[in-house]
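**Q** Pasting in a structure now, in structure tokens, and then I'll have a few things to ask.
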Amino acid sequence: MQGTGLEITHTIDACRAALAPSRRAGKTQALVPTMGYLHEGHMALVRRARQVADIVSVSIFVNPTQFSDPRDLDLYPRDEERDLAMLREAGVDVVLLPSVADMYPENDETIVEASRLGNILHGAVRPGHFRGVATVVTRLFNIFQPDFACFGEKDYQQLQVIRRMVRDLKFPIEIMPVPTVREPDGLAMSSRNARLTPEDRAAAVVISKALNEAEAEAAKGAPVEALRRIIEATIAGEPRAQLRGLDIVSAGDLSEISGSVDSPVAIMVSAEFGGILLIDQREIFL
Ligand code: AMP
């Protein structure tokens with residue numbers, strides 16, 4: 001199948017049928033799950049997938065169960081034609097654009113949840129969000145049965161939830177983390193950036209700026225509390241930004257830490273600009 005062009009599927013059955021010949025031929029497959037409105041961050045995942053597997057598959061599905069705000073779901077940007085052109089250009093083999101009814105059949109009642117990792121931090125602010133993510137990713141894993149799946153480090157807690165789920169539920173899938181791709185000014189690329197006004201877009205750089213400052217201070221030995229103060233002060237200095245979440249935790253298990261930064265830590269920031277929530281993160285290894 002590789003090299004024969006992009007196979008576009010709209011149903012789970014068609015997707016499975018598209019993948020069957022390469023599976024029978026013993027080819028490896030890497031999956032990139034997305035919600036569409038693709039940008040260079042997604043394409044970095046696709047390139048990683050291409051490096052590790054014979055067949056690259058992508059899903060485009062704006063997953064309703066991971067949105068707590070129906071308005072946010074309605075406003076999520078979509079551009080199927082452009083997405084498909086980008087996937088074709090990148091040499092993707094199979095894409096699935098399923099319907100909500102296909103992914104969530106009538107009388108659907110089975111969910112997947114990381115009970116601790118999914119309900120702390122970002123998950124405590126957005127109840128049910130990571131349950132929605134873990135449930136849809138499980139379904140996608142069962143549909144595609146990939147050998148590898150690529151996830152962005154930008155969605156740091158999501159990555160940890162998926163890793164834990166794969167370990168706990170014994171999915172024979174290797175999770176490939178991909179570093180965050182940024183705009184030239186440092187803003188993490190996101191489909192949501194398209195919804196920012198030009199003024200908020202310019203202001204949004206404050207998130208990566210705050211993370212850079214915290215990282216520089218951590219390198220000088222600053223404790224967790226000082227990193228927190230630096231980030232809060234930097235974001236407070238941008239009147240268009242409202243800090244919504246700031247977590248400085250142990251990398252990987254996301255447990256709370258305090259005092260000196262002597263093992264890998266993850267800083268997760270979420271901030272709102274004109275009602276649009278943006279997230280970013282930094283892992284610090286000293
Ligand atoms: P989304 O379409 O926003 O659900 O994202 C799909 C995948 O792309 C997730 O694994 C994200 O973490 C990843 N992703 C989104 N933005 C970026 C970025 N700027 N750099 C790297 N990966 C990203």
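Ordering of the structure tokens sets the chain letters (A, B, ...), residue numbers begin anew at 1 in every chain, and ligands are numbered from 1 in the order given.
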Please report, as a Markdown table, each residue of chain A lying at most 6 Å from ligand 1, together with the nearest pair of atoms and the separation in Å rounded to one decimal; use only C-alpha atoms and all ligand atoms, and order rows by chain and ascending residue number.
**A**
| residue | atom | partner | partner_atom_place_in_ligand_line | distance |
| --- | --- | --- | --- | --- |
| A:Pro33 | CA | ligand 1 | 6 (C) | 5.7 |
| A:Thr34 | CA | ligand 1 | 6 (C) | 3.8 |
| A:Met35 | CA | ligand 1 | 2 (O) | 3.7 |
| A:Gly36 | CA | ligand 1 | 2 (O) | 5.2 |
| A:Gly41 | CA | ligand 1 | 20 (N) | 3.6 |
| A:His42 | CA | ligand 1 | 8 (O) | 4.7 |
| A:Phe151 | CA | ligand 1 | 10 (O) | 3.3 |
| A:Gly152 | CA | ligand 1 | 12 (O) | 3.2 |
| A:Glu153 | CA | ligand 1 | 12 (O) | 5.6 |
| A:Lys154 | CA | ligand 1 | 12 (O) | 5.1 |
| A:Asp155 | CA | ligand 1 | 12 (O) | 4.5 |
| A:Val178 | CA | ligand 1 | 21 (C) | 5.9 |
| A:Pro179 | CA | ligand 1 | 21 (C) | 5.6 |
| A:Thr180 | CA | ligand 1 | 20 (N) | 3.5 |
| A:Val181 | CA | ligand 1 | 20 (N) | 3.8 |
| A:Arg182 | CA | ligand 1 | 19 (N) | 5.7 |
| A:Ala188 | CA | ligand 1 | 19 (N) | 4.8 |
| A:Met189 | CA | ligand 1 | 19 (N) | 3.7 |
| A:Ser190 | CA | ligand 1 | 16 (N) | 4.8 |
**Q** Could you please take those selected residues and save C-alpha atoms as a PDB file, in the first residue's frame?
**A**
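This went into result00.pdb:
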ATOM      1  CA  PRO A  33      -4.634  10.401  16.049  1.00  0.00           C
ATOM      2  CA  THR A  34      -5.771  14.005  15.466  1.00  0.00           C
ATOM      3  CA  MET A  35      -8.796  16.256  15.621  1.00  0.00           C
ATOM      4  CA  GLY A  36      -7.938  17.795  12.258  1.00  0.00           C
ATOM      5  CA  GLY A  41       2.836  20.086  14.820  1.00  0.00           C
ATOM      6  CA  HIS A  42       0.647  17.315  13.434  1.00  0.00           C
ATOM      7  CA  PHE A 151       1.491  11.823  20.406  1.00  0.00           C
ATOM      8  CA  GLY A 152       2.707  15.378  20.958  1.00  0.00           C
ATOM      9  CA  GLU A 153       4.518  16.382  24.133  1.00  0.00           C
ATOM     10  CA  LYS A 154       2.539  19.637  24.071  1.00  0.00           C
ATOM     11  CA  ASP A 155      -0.420  17.734  25.508  1.00  0.00           C
ATOM     12  CA  VAL A 178       7.116  14.058  19.623  1.00  0.00           C
ATOM     13  CA  PRO A 179       8.545  17.425  20.798  1.00  0.00           C
ATOM     14  CA  THR A 180       6.329  20.496  20.530  1.00  0.00           C
ATOM     15  CA  VAL A 181       6.531  22.370  17.231  1.00  0.00           C
ATOM     16  CA  ARG A 182       6.421  26.151  17.668  1.00  0.00           C
ATOM     17  CA  ALA A 188       3.179  26.258  20.528  1.00  0.00           C
ATOM     18  CA  MET A 189       1.307  25.427  17.330  1.00  0.00           C
ATOM     19  CA  SER A 190      -2.337  24.554  17.935  1.00  0.00           C
TER      20      SER A 190
END
**Q** Give me the residues of stretch 186-235 of chain A that have any atom at most 9 Å from an atom of stretch 268-280 of chain A; for each, the nearest atom pair and the distance in Å, rounded to one decimal. Use only C-alpha atoms, sort by chain and number, and format it as JSON lines.
**A**
{"residue": "A:Leu187", "atom": "CA", "partner": "A:Asp280", "partner_atom": "CA", "distance": 8.5}
{"residue": "A:Ala188", "atom": "CA", "partner": "A:Asp280", "partner_atom": "CA", "distance": 6.6}
{"residue": "A:Ser190", "atom": "CA", "partner": "A:Leu278", "partner_atom": "CA", "distance": 8.0}
{"residue": "A:Arg192", "atom": "CA", "partner": "A:Ile276", "partner_atom": "CA", "distance": 7.2}
{"residue": "A:Asn193", "atom": "CA", "partner": "A:Leu278", "partner_atom": "CA", "distance": 7.9}
{"residue": "A:Arg195", "atom": "CA", "partner": "A:Ile276", "partner_atom": "CA", "distance": 7.3}
{"residue": "A:Leu196", "atom": "CA", "partner": "A:Ile276", "partner_atom": "CA", "distance": 7.0}
{"residue": "A:Thr197", "atom": "CA", "partner": "A:Gly274", "partner_atom": "CA", "distance": 8.0}
{"residue": "A:Asp200", "atom": "CA", "partner": "A:Phe273", "partner_atom": "CA", "distance": 5.8}
{"residue": "A:Arg201", "atom": "CA", "partner": "A:Phe273", "partner_atom": "CA", "distance": 8.2}
{"residue": "A:Ala203", "atom": "CA", "partner": "A:Phe273", "partner_atom": "CA", "distance": 8.1}
{"residue": "A:Ala204", "atom": "CA", "partner": "A:Phe273", "partner_atom": "CA", "distance": 7.1}
{"residue": "A:Ile207", "atom": "CA", "partner": "A:Asp280", "partner_atom": "CA", "distance": 7.1}
{"residue": "A:Ser208", "atom": "CA", "partner": "A:Asp280", "partner_atom": "CA", "distance": 7.2}
{"residue": "A:Leu211", "atom": "CA", "partner": "A:Val269", "partner_atom": "CA", "distance": 8.3}
{"residue": "A:Ile231", "atom": "CA", "partner": "A:Val269", "partner_atom": "CA", "distance": 8.8}
{"residue": "A:Ile235", "atom": "CA", "partner": "A:Ala271", "partner_atom": "CA", "distance": 8.4}
**Q** Suppose we keep N, CA and C atoms; can you now write the selection as a compact mmCIF listing (two decimals), in the first residue's frame?
**A**
# COMPACT_ATOMS: atom_id res chain seq x y z
N LEU A 187 5.32 30.49 20.23
CA LEU A 187 3.99 29.97 20.57
C LEU A 187 3.84 28.53 20.06
N ALA A 188 3.40 27.65 20.94
CA ALA A 188 3.18 26.26 20.53
C ALA A 188 2.08 26.22 19.47
N SER A 190 -1.08 25.17 17.50
CA SER A 190 -2.34 24.55 17.93
C SER A 190 -3.43 24.94 16.95
N ARG A 192 -6.23 25.66 17.74
CA ARG A 192 -6.98 26.75 18.39
C ARG A 192 -6.38 28.12 18.11
N ASN A 193 -5.09 28.18 17.72
CA ASN A 193 -4.46 29.49 17.49
C ASN A 193 -5.20 30.26 16.40
N ARG A 195 -8.19 30.71 16.08
CA ARG A 195 -9.35 31.44 16.61
C ARG A 195 -8.96 32.70 17.38
N LEU A 196 -7.66 32.93 17.57
CA LEU A 196 -7.21 34.10 18.33
C LEU A 196 -7.32 35.36 17.48
N THR A 197 -7.69 36.49 18.11
CA THR A 197 -7.62 37.77 17.39
C THR A 197 -6.13 38.09 17.19
N ASP A 200 -4.58 39.00 20.48
CA ASP A 200 -4.39 37.88 21.40
C ASP A 200 -3.30 36.94 20.88
N ARG A 201 -3.24 36.80 19.54
CA ARG A 201 -2.18 35.96 18.97
C ARG A 201 -0.80 36.50 19.35
N ALA A 203 -0.14 38.38 21.94
CA ALA A 203 0.03 38.29 23.39
C ALA A 203 0.35 36.86 23.85
N ALA A 204 -0.12 35.87 23.07
CA ALA A 204 -0.03 34.47 23.50
C ALA A 204 1.41 33.98 23.64
N ILE A 207 3.18 32.78 27.07
CA ILE A 207 3.23 31.45 27.72
C ILE A 207 4.62 30.84 27.55
N SER A 208 5.12 30.81 26.30
CA SER A 208 6.43 30.18 26.10
C SER A 208 7.53 31.04 26.72
N LEU A 211 7.68 30.09 30.31
CA LEU A 211 8.33 28.78 30.46
C LEU A 211 9.83 28.89 30.27
N ILE A 231 6.52 32.39 36.72
CA ILE A 231 5.51 32.16 35.67
C ILE A 231 4.26 33.01 35.94
N ILE A 235 3.04 35.99 33.35
CA ILE A 235 1.72 35.94 32.69
C ILE A 235 0.82 37.08 33.18
**Q** Do you know which residues are at most 9 Å from A:Ile175 counting only C-alpha atoms, after dropping those on the same chain fewer than 3 positions away, and could you put them as a PyMOL selection string?
**A** chain A and resi 147-151+159+162-163+166
**Q** Kindly give the distance, in Å, that separates atom CA of A:Val224 and atom CA of A:Gln242, rounded to a single decimal.
**A**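 About the pair atom CA of A:Val224 and atom CA of A:Gln242: they are 21.0 Å apart.
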**Q** Just the alpha helix (DSSP H) stuff from stretch 33-76 of chain A, please, per backbone DSSP, written as a PyMOL selection string.
**A** chain A and resi 40-52+70-75
**Q** Write out as JSON, numbers by chain the residues lying within 9 Å of A:Ser68, counting only C-alpha atoms and excluding same-chain residues fewer than 3 positions away.
**A** {"A": [64, 65, 71, 72, 73, 126, 127, 128, 129]}
**Q** Might you pull out every residue within 10 Å of A:Pro223, with only C-alpha atoms counted and same-chain residues fewer than 4 positions away left off, and present them as an MDAnalysis selection string?
**A** chainID A and resid 217:218 227:228 257:262
**Q** I'd like the contact shell of A:Ser250 - 7 Å cut-off, only C-alpha atoms, skipping same-chain residues fewer than 5 positions apart - returned as a ChimeraX atom specification.
**A** /A:255-257,264-266
**Q** Let me make sure I understand: among A:Gly245, A:Gly252, A:Pro177, A:Gly91, which one has the smallest atom-to-atom distance to A:Gly123 if we use only C-alpha atoms?
**A**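 That would be A:Gly245, the residue with the smallest distance to A:Gly123.
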**Q** Pick out the residues sitting within 9 Å of A:Phe141, and hand them over as an mmCIF file with C-alpha atoms, in the first residue's frame; count only C-alpha atoms, and ignore anything fewer than 5 positions along from it in its own chain.
**A**
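New file out_33.cif:
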data_model
loop_
_atom_site.group_PDB
_atom_site.id
_atom_site.type_symbol
_atom_site.label_atom_id
_atom_site.label_comp_id
_atom_site.auth_asym_id
_atom_site.auth_seq_id
_atom_site.Cartn_x
_atom_site.Cartn_y
_atom_site.Cartn_z
ATOM 1 C CA LEU A 31 -1.047 5.797 13.810
ATOM 2 C CA VAL A 136 -11.594 7.424 21.956
ATOM 3 C CA PRO A 146 -1.064 -0.009 14.990
ATOM 4 C CA ALA A 149 1.214 5.632 17.844
ATOM 5 C CA PHE A 171 -1.911 -2.716 24.223
ATOM 6 C CA ILE A 173 1.654 -0.520 20.851
#
**Q** Given only C-alpha atoms as the basis, pick out the residue of A:Gln51, A:Ser99, A:Gln145, A:Gln158 nearest to A:Leu121.
**A**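 Checking each of A:Gln51, A:Ser99, A:Gln145, A:Gln158 against A:Leu121, counting only C-alpha atoms, the winner is A:Gln158.
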**Q** Among stretch 36-240 of chain A, which ones does DSSP place in strand (DSSP E or B), written as number ranges by chain?
**A** A: 55-60, 94-96, 148-152, 174-178, 182, 188
**Q** How about saving the chosen residues, all heavy atoms kept, as a compact mmCIF listing (two decimals), in the first residue's frame?
**A**
# COMPACT_ATOMS: atom_id res chain seq x y z
N ILE A 55 3.66 1.67 7.12
CA ILE A 55 2.36 2.28 6.77
C ILE A 55 2.05 3.37 7.80
O ILE A 55 2.18 3.14 9.00
CB ILE A 55 1.24 1.20 6.83
CG1 ILE A 55 1.50 0.10 5.80
CG2 ILE A 55 -0.15 1.81 6.66
CD1 ILE A 55 1.40 0.54 4.36
N VAL A 56 1.65 4.53 7.30
CA VAL A 56 1.27 5.62 8.21
C VAL A 56 -0.23 5.87 8.08
O VAL A 56 -0.75 6.08 6.99
CB VAL A 56 2.03 6.92 7.86
CG1 VAL A 56 1.56 8.07 8.76
CG2 VAL A 56 3.53 6.71 8.04
N SER A 57 -0.90 5.81 9.22
CA SER A 57 -2.34 6.08 9.22
C SER A 57 -2.62 7.26 10.13
O SER A 57 -1.90 7.51 11.10
CB SER A 57 -3.11 4.84 9.66
OG SER A 57 -2.59 4.35 10.87
N VAL A 58 -3.68 7.98 9.79
CA VAL A 58 -4.07 9.18 10.53
C VAL A 58 -5.58 9.10 10.77
O VAL A 58 -6.32 8.64 9.89
CB VAL A 58 -3.73 10.46 9.73
CG1 VAL A 58 -4.31 11.71 10.40
CG2 VAL A 58 -2.21 10.61 9.57
N SER A 59 -6.01 9.51 11.96
CA SER A 59 -7.44 9.66 12.17
C SER A 59 -7.73 11.14 12.37
O SER A 59 -6.93 11.86 12.98
CB SER A 59 -7.92 8.85 13.37
OG SER A 59 -7.25 9.28 14.55
N ILE A 60 -8.85 11.57 11.81
CA ILE A 60 -9.32 12.94 12.01
C ILE A 60 -10.72 12.83 12.60
O ILE A 60 -11.66 12.38 11.94
CB ILE A 60 -9.37 13.73 10.68
CG1 ILE A 60 -7.96 13.85 10.09
CG2 ILE A 60 -10.00 15.11 10.91
CD1 ILE A 60 -7.90 14.62 8.78
N VAL A 94 -3.29 5.89 4.91
CA VAL A 94 -4.72 5.71 5.18
C VAL A 94 -5.18 6.79 6.16
O VAL A 94 -4.50 7.07 7.15
CB VAL A 94 -5.00 4.32 5.84
CG1 VAL A 94 -6.47 4.17 6.19
CG2 VAL A 94 -4.56 3.20 4.92
N VAL A 95 -6.33 7.39 5.86
CA VAL A 95 -6.93 8.32 6.82
C VAL A 95 -8.35 7.87 7.09
O VAL A 95 -9.06 7.42 6.19
CB VAL A 95 -6.87 9.79 6.33
CG1 VAL A 95 -7.59 9.98 5.01
CG2 VAL A 95 -7.45 10.75 7.38
N LEU A 96 -8.76 7.96 8.35
CA LEU A 96 -10.14 7.67 8.73
C LEU A 96 -10.78 8.95 9.25
O LEU A 96 -10.22 9.61 10.14
CB LEU A 96 -10.18 6.60 9.84
CG LEU A 96 -11.55 6.37 10.51
CD1 LEU A 96 -12.58 5.84 9.51
CD2 LEU A 96 -11.42 5.39 11.70
N PHE A 148 2.79 1.33 16.34
CA PHE A 148 3.27 2.56 16.97
C PHE A 148 2.13 3.59 16.94
O PHE A 148 1.31 3.57 16.02
CB PHE A 148 4.45 3.16 16.19
CG PHE A 148 5.59 2.21 15.97
CD1 PHE A 148 5.64 1.42 14.83
CD2 PHE A 148 6.61 2.11 16.90
CE1 PHE A 148 6.68 0.53 14.62
CE2 PHE A 148 7.67 1.23 16.70
CZ PHE A 148 7.70 0.44 15.56
N ALA A 149 2.15 4.50 17.91
CA ALA A 149 1.21 5.63 17.84
C ALA A 149 1.97 6.86 18.32
O ALA A 149 2.72 6.81 19.30
CB ALA A 149 -0.01 5.38 18.71
N CYS A 150 1.81 7.98 17.58
CA CYS A 150 2.56 9.20 17.88
C CYS A 150 1.67 10.21 18.58
O CYS A 150 0.54 10.45 18.16
CB CYS A 150 3.09 9.81 16.58
SG CYS A 150 4.15 8.70 15.66
N PHE A 151 2.21 10.80 19.65
CA PHE A 151 1.49 11.82 20.41
C PHE A 151 2.44 12.98 20.69
O PHE A 151 3.64 12.77 20.91
CB PHE A 151 0.96 11.25 21.73
CG PHE A 151 -0.17 10.28 21.54
CD1 PHE A 151 0.08 8.93 21.30
CD2 PHE A 151 -1.49 10.72 21.57
CE1 PHE A 151 -0.96 8.04 21.10
CE2 PHE A 151 -2.54 9.83 21.37
CZ PHE A 151 -2.28 8.49 21.14
N GLY A 152 1.90 14.19 20.72
CA GLY A 152 2.71 15.38 20.96
C GLY A 152 2.97 15.60 22.44
O GLY A 152 2.09 15.37 23.28
N GLU A 174 3.71 0.75 20.69
CA GLU A 174 4.75 1.61 21.24
C GLU A 174 4.35 3.07 21.05
O GLU A 174 4.07 3.50 19.93
CB GLU A 174 6.09 1.32 20.54
CG GLU A 174 7.23 2.04 21.20
CD GLU A 174 8.59 1.68 20.59
OE1 GLU A 174 8.71 0.58 20.01
OE2 GLU A 174 9.49 2.51 20.69
N ILE A 175 4.33 3.80 22.16
CA ILE A 175 3.95 5.22 22.10
C ILE A 175 5.19 6.05 21.80
O ILE A 175 6.21 5.93 22.49
CB ILE A 175 3.30 5.67 23.43
CG1 ILE A 175 2.06 4.83 23.72
CG2 ILE A 175 2.95 7.16 23.39
CD1 ILE A 175 0.98 4.86 22.64
N MET A 176 5.10 6.87 20.74
CA MET A 176 6.23 7.70 20.32
C MET A 176 5.92 9.16 20.65
O MET A 176 5.07 9.78 19.99
CB MET A 176 6.43 7.60 18.79
CG MET A 176 6.34 6.22 18.21
SD MET A 176 7.76 5.20 18.60
CE MET A 176 9.05 6.13 17.86
N PRO A 177 6.58 9.73 21.65
CA PRO A 177 6.36 11.15 21.96
C PRO A 177 7.09 12.04 20.97
O PRO A 177 8.20 11.70 20.54
CB PRO A 177 6.95 11.31 23.36
CG PRO A 177 7.82 10.13 23.59
CD PRO A 177 7.57 9.11 22.53
N VAL A 178 6.49 13.15 20.60
CA VAL A 178 7.12 14.06 19.62
C VAL A 178 7.19 15.46 20.25
O VAL A 178 6.19 15.96 20.77
CB VAL A 178 6.30 14.10 18.31
CG1 VAL A 178 6.90 15.10 17.33
CG2 VAL A 178 6.25 12.70 17.69
N ARG A 182 6.80 24.78 17.29
CA ARG A 182 6.42 26.15 17.67
C ARG A 182 6.42 27.11 16.48
O ARG A 182 7.11 26.87 15.49
CB ARG A 182 7.40 26.67 18.73
CG ARG A 182 7.36 25.85 19.97
CD ARG A 182 8.37 26.23 21.04
NE ARG A 182 8.17 25.33 22.16
CZ ARG A 182 7.20 25.48 23.06
NH1 ARG A 182 6.40 26.52 23.01
NH2 ARG A 182 7.02 24.60 24.01
N ALA A 188 3.40 27.65 20.94
CA ALA A 188 3.18 26.26 20.53
C ALA A 188 2.08 26.22 19.47
O ALA A 188 1.03 26.84 19.65
CB ALA A 188 2.78 25.42 21.74
**Q** Enter the distance from atom CA of A:Ala18 to atom CA of A:Pro105, in Å, rounded to one decimal.
**A**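 Atom-to-atom, atom CA of A:Ala18 to atom CA of A:Pro105, that is 21.5 Å.
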